[in-house]
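First up is the structure itself, then whatever we jot down about it.
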Amino acid sequence: MNNNWSWDIFFDAFPKVLEGLGITLGLTIACYLFALIFGFIWTFVKRIPITPIRWVLLWIMEFIRSTPPLVQLFFLYYAWPMVPYIGVTLDPFTSAVLGLGIHYSTYIGEVYRSGIDSVDRGQWEAARALNFSTGQKWAKVILPQAIPPTIPMLGNYLIIMFKEVPLASTVGVSGILFMADEFGSQHWKYLEPITIVAILFLVLSYPSAILINKLEKKMNRRFDKKTTSKQIQENKGAVS
């Protein structure tokens with residue numbers, strides 16, 4: 001096996017690796033959307049008034065967060081079909097969406113919680129004074145104020161998830177890392193295809209990180225806590 005760099009191999013491998021880019025991007029979006037939606041479940045789990053149920057669900061949440069996502073992927077793909085009565089066989093893509101989506105939903109749930117906790121108590125009291133129902137309170141008062149400040153953090157998790165998606169290649173998802181490994185095994189040349197994978201991740205994630213940083217600064221200025229009292233009065237006026 002020749003370990004020297006070869007531009008011929010690099011250009012031969014590039015279109016092969018690029019075939020997996022659509023799968024990688026599609027899997028990232030699917031996992032992220034799943035995590036965004038499922039994150040709300042963890043957020044409201046912590047508000048269940050029944051203590052035993054809340055503690056059981058919180059323990060499950062901590063277990064998921066404390067277990068490596070690679071182990072969870074292996075469990076869903078290899079072990080879950082063997083679970084008696086409830087086990088079902090999952091295809092690689094579905095296993096990856098569930099594994100990564102559920103794992104990162106526990107973190108995104110904490111992002112939501114921090115946004116909700118940042119809503120001033122006066123806003124809750126204003127919703128109660130206006131006799132809003134639970135749904136109206138959350139839809140018209142709490143969430144519109146809780147979600148915007150969390151957008152930069154949610155954007156950071158999108159980038160993190162994009163860089164974690166290659167784990168799905170271990171269960172057979174044909175993303176760019178899977179295609180690079182396949183090319184390397186066929187030609188006994190891994191340096192060039194793996195380098196291509198690194199370049200693609202850099203090209204796609206670095207500009208996104210810059211945009212997220214700019215968005216974070218913009219949001220920090222917009223939701224500056226020093227101006228909270230003024231904003232509260234404005235929000236109260238809008239609600240009324």
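Identifiers in this document derive from the order of the structure tokens: chains are assigned A, B, ..., residues are numbered from 1 separately in each chain, and ligands are numbered from 1 in order of occurrence.
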Counting only C-alpha atoms, which residues of range 39-144 of chain A fall within 6 Å of range 159-175 of chain A, and what is the closest atom pair for each with its distance in Å at one decimal, ordered by chain and rising number, as CSV?
residue,atom,partner,partner_atom,distance
A:Pro92,CA,A:Val173,CA,5.6
A:Phe93,CA,A:Val173,CA,6.0
A:Ala96,CA,A:Ala168,CA,5.7
Can you tell me which residues surround range 132-143 of chain A at a distance of at most 7 Å, considering only C-alpha atoms, apart from same-chain residues fewer than 5 positions away, and format the answer as a list of chain:residue names?
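Residues meeting the cut-off are A:Ile116, A:Val119, A:Ala127.
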Same residues, all heavy atoms, saved as an mmCIF file, in the first residue's frame:
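So again.cif came out as:
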data_model
loop_
_atom_site.group_PDB
_atom_site.id
_atom_site.type_symbol
_atom_site.label_atom_id
_atom_site.label_comp_id
_atom_site.auth_asym_id
_atom_site.auth_seq_id
_atom_site.Cartn_x
_atom_site.Cartn_y
_atom_site.Cartn_z
ATOM 1 N N ILE A 116 -37.311 29.742 28.747
ATOM 2 C CA ILE A 116 -38.560 29.926 29.481
ATOM 3 C C ILE A 116 -38.297 30.562 30.844
ATOM 4 O O ILE A 116 -39.016 31.463 31.280
ATOM 5 C CB ILE A 116 -39.284 28.578 29.634
ATOM 6 C CG1 ILE A 116 -39.783 28.100 28.262
ATOM 7 C CG2 ILE A 116 -40.457 28.694 30.604
ATOM 8 C CD1 ILE A 116 -40.312 26.677 28.264
ATOM 9 N N VAL A 119 -37.942 34.377 31.011
ATOM 10 C CA VAL A 119 -39.114 35.251 30.887
ATOM 11 C C VAL A 119 -39.441 35.813 32.262
ATOM 12 O O VAL A 119 -39.599 35.063 33.232
ATOM 13 C CB VAL A 119 -40.320 34.486 30.310
ATOM 14 C CG1 VAL A 119 -41.555 35.382 30.256
ATOM 15 C CG2 VAL A 119 -39.983 33.956 28.914
ATOM 16 N N ALA A 127 -50.299 37.392 32.047
ATOM 17 C CA ALA A 127 -51.129 36.403 31.358
ATOM 18 C C ALA A 127 -52.227 35.884 32.277
ATOM 19 O O ALA A 127 -53.373 35.665 31.844
ATOM 20 C CB ALA A 127 -50.261 35.247 30.860
#
Closest of A:Val88, A:Ile102, A:Ala129, A:Gly26 to Phe63 in chain A - atom-to-atom distances counting only C-alpha atoms
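Comparing A:Val88, A:Ile102, A:Ala129, A:Gly26 against Phe63 in chain A, the winner is A:Ile102.
Taking only C-alpha atoms, the non-local environment of Trp7 in chain A within 10 Å (same-chain residues fewer than 5 positions away omitted) comprises Asp12, Ala13 and Glu192 of chain A.
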Quick one: write out the picked residues with C-alpha atoms as a tab-separated table (two decimals), in the first residue's frame?
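again02.tsv written:
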chain	number	residue	atom	x	y	z
A	12	ASP	CA	-10.86	10.10	-8.29
A	13	ALA	CA	-12.18	9.93	-4.72
A	192	GLU	CA	-7.08	11.30	0.23
One-decimal distance in Å that lies between CA of Ile48 in chain A and CA of Ser105 in chain A
18.0 Å
Selected residue, from A:Gly39, A:Gly184, A:Gly155, A:Pro15, that lies nearest to Ile210 in chain A when counting only C-alpha atoms:
A:Gly155
If we count only C-alpha atoms and set the cut-off at 12 Å, which residues sit around Phe183 in chain A, ignoring sequence neighbours fewer than 3 positions away in its own chain? Please answer as a short mmCIF file (atom, residue, chain, number, x, y, z; two decimals) with all heavy atoms, in the first residue's frame.
data_model
loop_
_atom_site.label_atom_id
_atom_site.label_comp_id
_atom_site.auth_asym_id
_atom_site.auth_seq_id
_atom_site.Cartn_x
_atom_site.Cartn_y
_atom_site.Cartn_z
N ILE A 9 -5.52 10.13 -7.03
CA ILE A 9 -6.45 9.45 -6.13
C ILE A 9 -7.42 10.46 -5.53
O ILE A 9 -8.62 10.19 -5.37
CB ILE A 9 -5.68 8.72 -5.01
CG1 ILE A 9 -4.85 7.58 -5.60
CG2 ILE A 9 -6.63 8.21 -3.94
CD1 ILE A 9 -5.69 6.47 -6.19
N PHE A 10 -6.91 11.64 -5.19
CA PHE A 10 -7.76 12.68 -4.60
C PHE A 10 -8.90 13.03 -5.55
O PHE A 10 -10.08 13.08 -5.13
CB PHE A 10 -6.91 13.92 -4.31
CG PHE A 10 -7.69 15.07 -3.72
CD1 PHE A 10 -7.84 15.19 -2.34
CD2 PHE A 10 -8.27 16.03 -4.54
CE1 PHE A 10 -8.56 16.24 -1.80
CE2 PHE A 10 -9.00 17.09 -4.00
CZ PHE A 10 -9.13 17.19 -2.62
N ASP A 12 -10.02 11.27 -8.06
CA ASP A 12 -10.86 10.10 -8.29
C ASP A 12 -11.84 9.90 -7.13
O ASP A 12 -12.99 9.49 -7.33
CB ASP A 12 -9.99 8.84 -8.45
CG ASP A 12 -9.27 8.81 -9.79
OD1 ASP A 12 -9.67 9.56 -10.70
OD2 ASP A 12 -8.30 8.05 -9.91
N ALA A 13 -11.35 10.17 -5.91
CA ALA A 13 -12.18 9.93 -4.72
C ALA A 13 -13.23 11.02 -4.52
O ALA A 13 -14.28 10.75 -3.93
CB ALA A 13 -11.29 9.84 -3.48
N PHE A 14 -12.95 12.22 -5.01
CA PHE A 14 -13.82 13.35 -4.71
C PHE A 14 -15.27 13.11 -5.14
O PHE A 14 -16.20 13.29 -4.33
CB PHE A 14 -13.28 14.63 -5.36
CG PHE A 14 -13.93 15.87 -4.84
CD1 PHE A 14 -13.48 16.50 -3.70
CD2 PHE A 14 -15.02 16.43 -5.51
CE1 PHE A 14 -14.08 17.65 -3.21
CE2 PHE A 14 -15.64 17.58 -5.04
CZ PHE A 14 -15.17 18.18 -3.88
N PRO A 15 -15.54 12.71 -6.40
CA PRO A 15 -16.95 12.49 -6.78
C PRO A 15 -17.59 11.34 -6.01
O PRO A 15 -18.80 11.38 -5.73
CB PRO A 15 -16.87 12.20 -8.28
CG PRO A 15 -15.47 11.80 -8.53
CD PRO A 15 -14.64 12.54 -7.54
N LYS A 16 -16.79 10.34 -5.64
CA LYS A 16 -17.32 9.22 -4.87
C LYS A 16 -17.75 9.68 -3.48
O LYS A 16 -18.87 9.34 -3.02
CB LYS A 16 -16.24 8.13 -4.75
CG LYS A 16 -16.64 6.94 -3.89
CD LYS A 16 -17.70 6.11 -4.56
CE LYS A 16 -17.97 4.84 -3.74
NZ LYS A 16 -19.03 4.00 -4.36
N VAL A 17 -16.91 10.45 -2.83
CA VAL A 17 -17.24 10.95 -1.49
C VAL A 17 -18.43 11.91 -1.58
O VAL A 17 -19.31 11.91 -0.72
CB VAL A 17 -16.02 11.65 -0.85
CG1 VAL A 17 -16.40 12.29 0.48
CG2 VAL A 17 -14.90 10.64 -0.65
N LEU A 18 -18.45 12.71 -2.63
CA LEU A 18 -19.50 13.72 -2.79
C LEU A 18 -20.88 13.08 -2.94
O LEU A 18 -21.90 13.73 -2.65
CB LEU A 18 -19.19 14.59 -4.01
CG LEU A 18 -19.73 16.04 -3.98
CD1 LEU A 18 -19.18 16.79 -2.78
CD2 LEU A 18 -19.35 16.76 -5.27
N GLU A 19 -20.92 11.81 -3.37
CA GLU A 19 -22.21 11.12 -3.49
C GLU A 19 -22.94 11.03 -2.15
O GLU A 19 -24.16 10.96 -2.11
CB GLU A 19 -21.98 9.71 -4.05
CG GLU A 19 -21.56 9.68 -5.50
CD GLU A 19 -21.30 8.26 -5.98
OE1 GLU A 19 -21.61 7.31 -5.22
OE2 GLU A 19 -20.78 8.09 -7.10
N GLY A 20 -22.18 11.02 -1.07
CA GLY A 20 -22.78 10.89 0.25
C GLY A 20 -23.15 12.21 0.89
O GLY A 20 -23.72 12.21 2.00
N SER A 174 -24.99 5.79 4.37
CA SER A 174 -24.00 6.07 3.33
C SER A 174 -23.76 7.57 3.16
O SER A 174 -23.99 8.13 2.09
CB SER A 174 -24.42 5.45 2.00
OG SER A 174 -25.73 5.85 1.65
N ILE A 176 -20.92 10.93 3.74
CA ILE A 176 -19.61 11.16 3.13
C ILE A 176 -18.51 10.32 3.80
O ILE A 176 -17.58 9.87 3.14
CB ILE A 176 -19.24 12.66 3.15
CG1 ILE A 176 -19.29 13.23 4.56
CG2 ILE A 176 -20.15 13.43 2.23
CD1 ILE A 176 -18.88 14.71 4.62
N LEU A 177 -18.58 10.10 5.11
CA LEU A 177 -17.57 9.28 5.76
C LEU A 177 -17.68 7.82 5.34
O LEU A 177 -16.67 7.15 5.12
CB LEU A 177 -17.69 9.41 7.28
CG LEU A 177 -16.61 8.67 8.09
CD1 LEU A 177 -15.22 9.20 7.73
CD2 LEU A 177 -16.86 8.80 9.59
N PHE A 178 -18.90 7.34 5.20
CA PHE A 178 -19.12 5.97 4.74
C PHE A 178 -18.55 5.80 3.33
O PHE A 178 -17.88 4.79 3.04
CB PHE A 178 -20.61 5.66 4.76
CG PHE A 178 -20.94 4.25 4.33
CD1 PHE A 178 -21.02 3.23 5.26
CD2 PHE A 178 -21.20 3.95 3.00
CE1 PHE A 178 -21.34 1.94 4.88
CE2 PHE A 178 -21.52 2.67 2.59
CZ PHE A 178 -21.59 1.65 3.53
N MET A 179 -18.83 6.76 2.46
CA MET A 179 -18.34 6.66 1.08
C MET A 179 -16.82 6.75 1.03
O MET A 179 -16.17 6.06 0.22
CB MET A 179 -18.96 7.77 0.24
CG MET A 179 -20.49 7.77 0.21
SD MET A 179 -21.20 6.20 -0.34
CE MET A 179 -20.80 6.24 -2.09
N ALA A 180 -16.23 7.58 1.89
CA ALA A 180 -14.77 7.69 1.93
C ALA A 180 -14.15 6.37 2.40
O ALA A 180 -13.13 5.92 1.85
CB ALA A 180 -14.35 8.82 2.86
N GLN A 186 -11.59 -0.11 -1.10
CA GLN A 186 -11.49 -0.63 -2.46
C GLN A 186 -10.12 -0.38 -3.07
O GLN A 186 -9.61 -1.20 -3.84
CB GLN A 186 -12.57 0.00 -3.34
CG GLN A 186 -13.98 -0.45 -2.99
CD GLN A 186 -15.03 0.31 -3.78
OE1 GLN A 186 -14.72 1.26 -4.51
NE2 GLN A 186 -16.29 -0.11 -3.66
N HIS A 187 -9.51 0.76 -2.72
CA HIS A 187 -8.25 1.15 -3.34
C HIS A 187 -7.06 1.11 -2.39
O HIS A 187 -5.94 1.42 -2.80
CB HIS A 187 -8.38 2.57 -3.93
CG HIS A 187 -9.41 2.70 -5.00
ND1 HIS A 187 -10.75 2.87 -4.73
CD2 HIS A 187 -9.30 2.67 -6.36
CE1 HIS A 187 -11.42 2.96 -5.87
NE2 HIS A 187 -10.57 2.84 -6.88
N TRP A 188 -7.31 0.77 -1.15
CA TRP A 188 -6.25 0.78 -0.13
C TRP A 188 -5.58 2.14 -0.04
O TRP A 188 -4.37 2.26 0.14
CB TRP A 188 -5.22 -0.32 -0.40
CG TRP A 188 -5.77 -1.69 -0.16
CD1 TRP A 188 -6.31 -2.53 -1.08
CD2 TRP A 188 -5.84 -2.37 1.09
NE1 TRP A 188 -6.72 -3.70 -0.50
CE2 TRP A 188 -6.45 -3.63 0.85
CE3 TRP A 188 -5.46 -2.05 2.40
CZ2 TRP A 188 -6.69 -4.55 1.85
CZ3 TRP A 188 -5.69 -2.99 3.40
CH2 TRP A 188 -6.30 -4.22 3.12
N LYS A 189 -6.40 3.16 -0.16
CA LYS A 189 -5.92 4.55 -0.05
C LYS A 189 -6.94 5.32 0.79
O LYS A 189 -8.05 5.58 0.33
CB LYS A 189 -5.77 5.20 -1.42
CG LYS A 189 -4.68 4.60 -2.30
CD LYS A 189 -3.30 5.03 -1.81
CE LYS A 189 -3.07 6.50 -2.08
NZ LYS A 189 -1.71 6.93 -1.72
N TYR A 190 -6.56 5.63 2.03
CA TYR A 190 -7.47 6.32 2.94
C TYR A 190 -7.13 7.79 3.15
O TYR A 190 -7.99 8.56 3.54
CB TYR A 190 -7.47 5.61 4.31
CG TYR A 190 -8.16 4.27 4.29
CD1 TYR A 190 -7.43 3.11 4.06
CD2 TYR A 190 -9.53 4.17 4.50
CE1 TYR A 190 -8.06 1.87 4.05
CE2 TYR A 190 -10.16 2.93 4.48
CZ TYR A 190 -9.42 1.78 4.26
OH TYR A 190 -10.04 0.57 4.24
N LEU A 191 -5.89 8.16 2.89
CA LEU A 191 -5.47 9.54 3.17
C LEU A 191 -6.29 10.54 2.38
O LEU A 191 -6.81 11.52 2.93
CB LEU A 191 -3.97 9.70 2.86
CG LEU A 191 -3.39 11.11 3.01
CD1 LEU A 191 -3.57 11.61 4.46
CD2 LEU A 191 -1.92 11.13 2.60
N GLU A 192 -6.40 10.33 1.09
CA GLU A 192 -7.08 11.30 0.23
C GLU A 192 -8.59 11.37 0.50
O GLU A 192 -9.13 12.47 0.69
CB GLU A 192 -6.82 10.97 -1.24
CG GLU A 192 -5.37 11.17 -1.68
CD GLU A 192 -4.48 9.98 -1.37
OE1 GLU A 192 -5.00 9.02 -0.75
OE2 GLU A 192 -3.30 10.00 -1.74
N PRO A 193 -9.32 10.24 0.56
CA PRO A 193 -10.77 10.35 0.79
C PRO A 193 -11.12 10.91 2.17
O PRO A 193 -12.07 11.69 2.29
CB PRO A 193 -11.27 8.91 0.63
CG PRO A 193 -10.08 8.05 0.78
CD PRO A 193 -8.93 8.85 0.26
N ILE A 194 -10.36 10.55 3.20
CA ILE A 194 -10.64 11.09 4.53
C ILE A 194 -10.32 12.59 4.57
O ILE A 194 -11.02 13.37 5.24
CB ILE A 194 -9.85 10.34 5.60
CG1 ILE A 194 -10.26 8.87 5.64
CG2 ILE A 194 -10.05 10.97 6.97
CD1 ILE A 194 -11.72 8.65 5.97
N ILE A 196 -10.71 14.59 2.06
CA ILE A 196 -11.86 15.21 1.39
C ILE A 196 -13.01 15.40 2.37
O ILE A 196 -13.67 16.45 2.39
CB ILE A 196 -12.30 14.37 0.19
CG1 ILE A 196 -11.22 14.38 -0.90
CG2 ILE A 196 -13.62 14.89 -0.38
CD1 ILE A 196 -11.47 13.39 -2.02
N VAL A 197 -13.27 14.40 3.21
CA VAL A 197 -14.32 14.50 4.22
C VAL A 197 -14.06 15.68 5.15
O VAL A 197 -14.95 16.48 5.44
CB VAL A 197 -14.43 13.19 5.03
CG1 VAL A 197 -15.39 13.36 6.21
CG2 VAL A 197 -14.89 12.05 4.14
#
Output as a ChimeraX atom specification all residues of range 74-214 of chain A that backbone DSSP marks as helix (DSSP H, G or I).
/A:74-82,92-117,121-129,134-146,148-171,176-187,191-214
Rank A:Ala30, A:Leu202, A:Arg113, A:Ile64 by their smallest atom-to-atom distance to Lys46 in chain A, using only C-alpha atoms, and report the top residue only.
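Among the listed residues, the smallest separation from Lys46 in chain A belongs to A:Arg113.
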If I take CA of Gly22 in chain A and CA of Phe74 in chain A, how far is one from the other in Å, to one decimal?
22.9 Å
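Across A:Tyr104, A:Trp124, A:Tyr112, A:Tyr206, the tightest approach to Phe34 in chain A is made by A:Tyr104 when counting only C-alpha atoms.
Picture a line from CA of Cys31 in chain A to CA of Pro207 in chain A; it runs 20.6 Å.
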